[in-house]
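Asker: Would you mind keeping the following structure in view while I ask a few things?
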Amino acid sequence: MLVLSVVLVGCTSTKTTTSNIAESQELPTDLGLTSDATTSVVLSEYSFGPSEIVLQAGVSNSIELSNQGSIPHTFVVTDLGIDVSLGVGESQTITVDNPAPGSYEVLCTVAGHSELGMHGQVTVR
Ligand SMILES: [Cu+2]
């Protein structure tokens with residue numbers, strides 16, 4: 001007669017997995033914010049369209065950036081912590097949550113572009 005013995009090994013593994021939460025910059029879009037605003041900005045040689053961008057204070061603002069030029073450009077608003085680089089034909093939507101009211105300078109940081117006119121103003125009101 002065969003005796004089958006089944007050995008149950010207690011599951012004592014307490015290995016924990018750590019997820020990469022250190023540099024997560026993507027916020028859930030469904031936070032139940034009461035309202036938001038979307039603005040589209042086109043990058044080209046050598047301007048932003050529009051060059052005067054208006055955002056709303058106290059809400060989540062989405063900015064749809066699209067590089068429709070024939071060379072790479074950037075969309076940089078230092079005081080709002082925005083620094084986006086776009087290759088030719090690329091587009092990206094960024095979110096600006098609850099910006100403080102005021103005027104901010106936006107510019108393309110590719111050498112020479114700002115001097116050629118690729119700058120503008122972000123107004124938060
Ligand atoms: Cu540029």
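Naming works like this for the structure tokens: A, B, ... for the chains as they're shown, residue 1 at the start of each chain, ligands 1 onward in shown order.
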Using only C-alpha atoms and all ligand atoms, what are the residues with an atom within 8 Å of ligand 1, set out as a PyMOL selection string?
Answerer: chain A and resi 43-47+71-74+107-114+118
Asker: Would you write out those residues with N, CA and C atoms, as a PDB file, in the first residue's frame?
Answerer:
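Saved as part_26.pdb:
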ATOM      1  N   LEU A  43       2.761  75.051 -31.974  1.00  0.00           N
ATOM      2  CA  LEU A  43       4.141  75.511 -32.065  1.00  0.00           C
ATOM      3  C   LEU A  43       4.602  75.420 -33.508  1.00  0.00           C
ATOM      4  N   SER A  44       5.254  76.489 -33.959  1.00  0.00           N
ATOM      5  CA  SER A  44       5.795  76.474 -35.325  1.00  0.00           C
ATOM      6  C   SER A  44       6.926  77.480 -35.383  1.00  0.00           C
ATOM      7  N   GLU A  45       7.500  77.667 -36.582  1.00  0.00           N
ATOM      8  CA  GLU A  45       8.589  78.632 -36.731  1.00  0.00           C
ATOM      9  C   GLU A  45       8.018  80.012 -37.009  1.00  0.00           C
ATOM     10  N   TYR A  46       8.279  81.025 -36.172  1.00  0.00           N
ATOM     11  CA  TYR A  46       8.814  80.851 -34.818  1.00  0.00           C
ATOM     12  C   TYR A  46       7.835  81.536 -33.899  1.00  0.00           C
ATOM     13  N   SER A  47       6.809  80.821 -33.565  1.00  0.00           N
ATOM     14  CA  SER A  47       5.781  81.442 -32.739  1.00  0.00           C
ATOM     15  C   SER A  47       4.941  80.383 -32.049  1.00  0.00           C
ATOM     16  N   ILE A  71      10.791  71.758 -37.414  1.00  0.00           N
ATOM     17  CA  ILE A  71      11.924  71.473 -36.536  1.00  0.00           C
ATOM     18  C   ILE A  71      11.399  71.328 -35.107  1.00  0.00           C
ATOM     19  N   PRO A  72      12.181  70.718 -34.221  1.00  0.00           N
ATOM     20  CA  PRO A  72      11.730  70.558 -32.829  1.00  0.00           C
ATOM     21  C   PRO A  72      11.592  71.906 -32.115  1.00  0.00           C
ATOM     22  N   HIS A  73      10.663  71.948 -31.172  1.00  0.00           N
ATOM     23  CA  HIS A  73      10.458  73.137 -30.361  1.00  0.00           C
ATOM     24  C   HIS A  73      10.190  72.714 -28.914  1.00  0.00           C
ATOM     25  N   THR A  74      10.243  73.713 -28.032  1.00  0.00           N
ATOM     26  CA  THR A  74       9.879  73.445 -26.636  1.00  0.00           C
ATOM     27  C   THR A  74       8.824  74.447 -26.198  1.00  0.00           C
ATOM     28  N   LEU A 107       8.198  80.483 -23.427  1.00  0.00           N
ATOM     29  CA  LEU A 107       9.140  80.607 -24.538  1.00  0.00           C
ATOM     30  C   LEU A 107       9.620  79.243 -24.997  1.00  0.00           C
ATOM     31  N   CYS A 108      10.159  79.275 -26.212  1.00  0.00           N
ATOM     32  CA  CYS A 108      10.826  78.093 -26.738  1.00  0.00           C
ATOM     33  C   CYS A 108      12.305  78.254 -26.406  1.00  0.00           C
ATOM     34  N   THR A 109      12.866  77.228 -25.777  1.00  0.00           N
ATOM     35  CA  THR A 109      14.242  77.346 -25.306  1.00  0.00           C
ATOM     36  C   THR A 109      15.273  76.840 -26.301  1.00  0.00           C
ATOM     37  N   VAL A 110      14.821  76.439 -27.491  1.00  0.00           N
ATOM     38  CA  VAL A 110      15.790  76.076 -28.520  1.00  0.00           C
ATOM     39  C   VAL A 110      16.558  77.344 -28.903  1.00  0.00           C
ATOM     40  N   ALA A 111      17.863  77.206 -29.013  1.00  0.00           N
ATOM     41  CA  ALA A 111      18.724  78.377 -29.215  1.00  0.00           C
ATOM     42  C   ALA A 111      18.229  79.264 -30.347  1.00  0.00           C
ATOM     43  N   GLY A 112      18.010  80.543 -30.001  1.00  0.00           N
ATOM     44  CA  GLY A 112      17.639  81.520 -31.006  1.00  0.00           C
ATOM     45  C   GLY A 112      16.149  81.675 -31.248  1.00  0.00           C
ATOM     46  N   HIS A 113      15.358  80.682 -30.884  1.00  0.00           N
ATOM     47  CA  HIS A 113      13.937  80.728 -31.233  1.00  0.00           C
ATOM     48  C   HIS A 113      13.177  81.849 -30.536  1.00  0.00           C
ATOM     49  N   SER A 114      13.479  82.034 -29.236  1.00  0.00           N
ATOM     50  CA  SER A 114      12.782  83.097 -28.507  1.00  0.00           C
ATOM     51  C   SER A 114      13.065  84.445 -29.131  1.00  0.00           C
ATOM     52  N   MET A 118       9.577  83.431 -30.809  1.00  0.00           N
ATOM     53  CA  MET A 118       8.882  82.285 -30.233  1.00  0.00           C
ATOM     54  C   MET A 118       8.798  82.421 -28.709  1.00  0.00           C
TER      55      MET A 118
END
Asker: Per residue of region 56-78 of chain A within 12 Å of region 83-86 of chain A, which atom pair is closest and at what distance in Å (one decimal), using only C-alpha atoms, listed by chain and increasing number, as a tab-separated table?
Answerer:
residue	atom	partner	partner_atom	distance
A:Ile63	CA	A:Val84	CA	11.2
A:Glu64	CA	A:Val84	CA	11.3
A:Leu65	CA	A:Leu86	CA	8.4
A:Ser66	CA	A:Leu86	CA	7.6
A:Asn67	CA	A:Leu86	CA	6.2
A:Gln68	CA	A:Leu86	CA	9.6
A:Gly69	CA	A:Leu86	CA	10.0
A:Ser70	CA	A:Leu86	CA	11.0
A:Ile71	CA	A:Leu86	CA	9.0
A:Pro72	CA	A:Leu86	CA	5.7
A:His73	CA	A:Leu86	CA	5.5
A:Thr74	CA	A:Ser85	CA	4.2
A:Phe75	CA	A:Val84	CA	5.1
A:Val76	CA	A:Asp83	CA	4.4
A:Val77	CA	A:Asp83	CA	6.5
A:Thr78	CA	A:Asp83	CA	7.1
Asker: Which one is closest to Ser62 (chain A): A:Val122, A:Ala100, A:Leu116, A:Ala37? Count only C-alpha atoms.
Answerer: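 Using only C-alpha atoms, the shortest distance to Ser62 (chain A) belongs to A:Ala37.
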Asker: For CA of Val96 (chain A) and CA of Ile82 (chain A), determine how far apart the two atoms are, in Å to one decimal place.
Answerer: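 Result for CA of Val96 (chain A) versus CA of Ile82 (chain A): 8.5 Å, one decimal.
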Asker: Please indicate the distance in Å from CA of Thr95 (chain A) to CA of Thr38 (chain A), rounded to one decimal place.
Answerer: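 Between these atoms lies a distance of 9.0 Å.
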Asker: Which residue is closest to Asp97 (chain A)? Choose from A:Asp36, A:Phe48, A:Val54, A:Ser60 and count only C-alpha atoms.
Answerer: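 Using only C-alpha atoms, the shortest distance to Asp97 (chain A) belongs to A:Ser60.
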Asker: Between A:Arg125, A:Val88, A:Glu52, A:Val59, single out the one closest to Glu105 (chain A), counting only C-alpha atoms.
Answerer: A:Glu52
Asker: Could you please determine the separation between CA of Ile53 (chain A) and CA of Asp79 (chain A) in Å, to one decimal place?
Answerer: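 We find that CA of Ile53 (chain A) and CA of Asp79 (chain A) lie 14.5 Å from each other.
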Asker: Select, from A:Gln56, A:Ser40, A:Ser91, A:Gly49, the residue with the minimum atom-to-atom distance to Thr123 (chain A), counting only C-alpha atoms.
Answerer: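 For Thr123 (chain A), the nearest of the given residues is A:Gln56.
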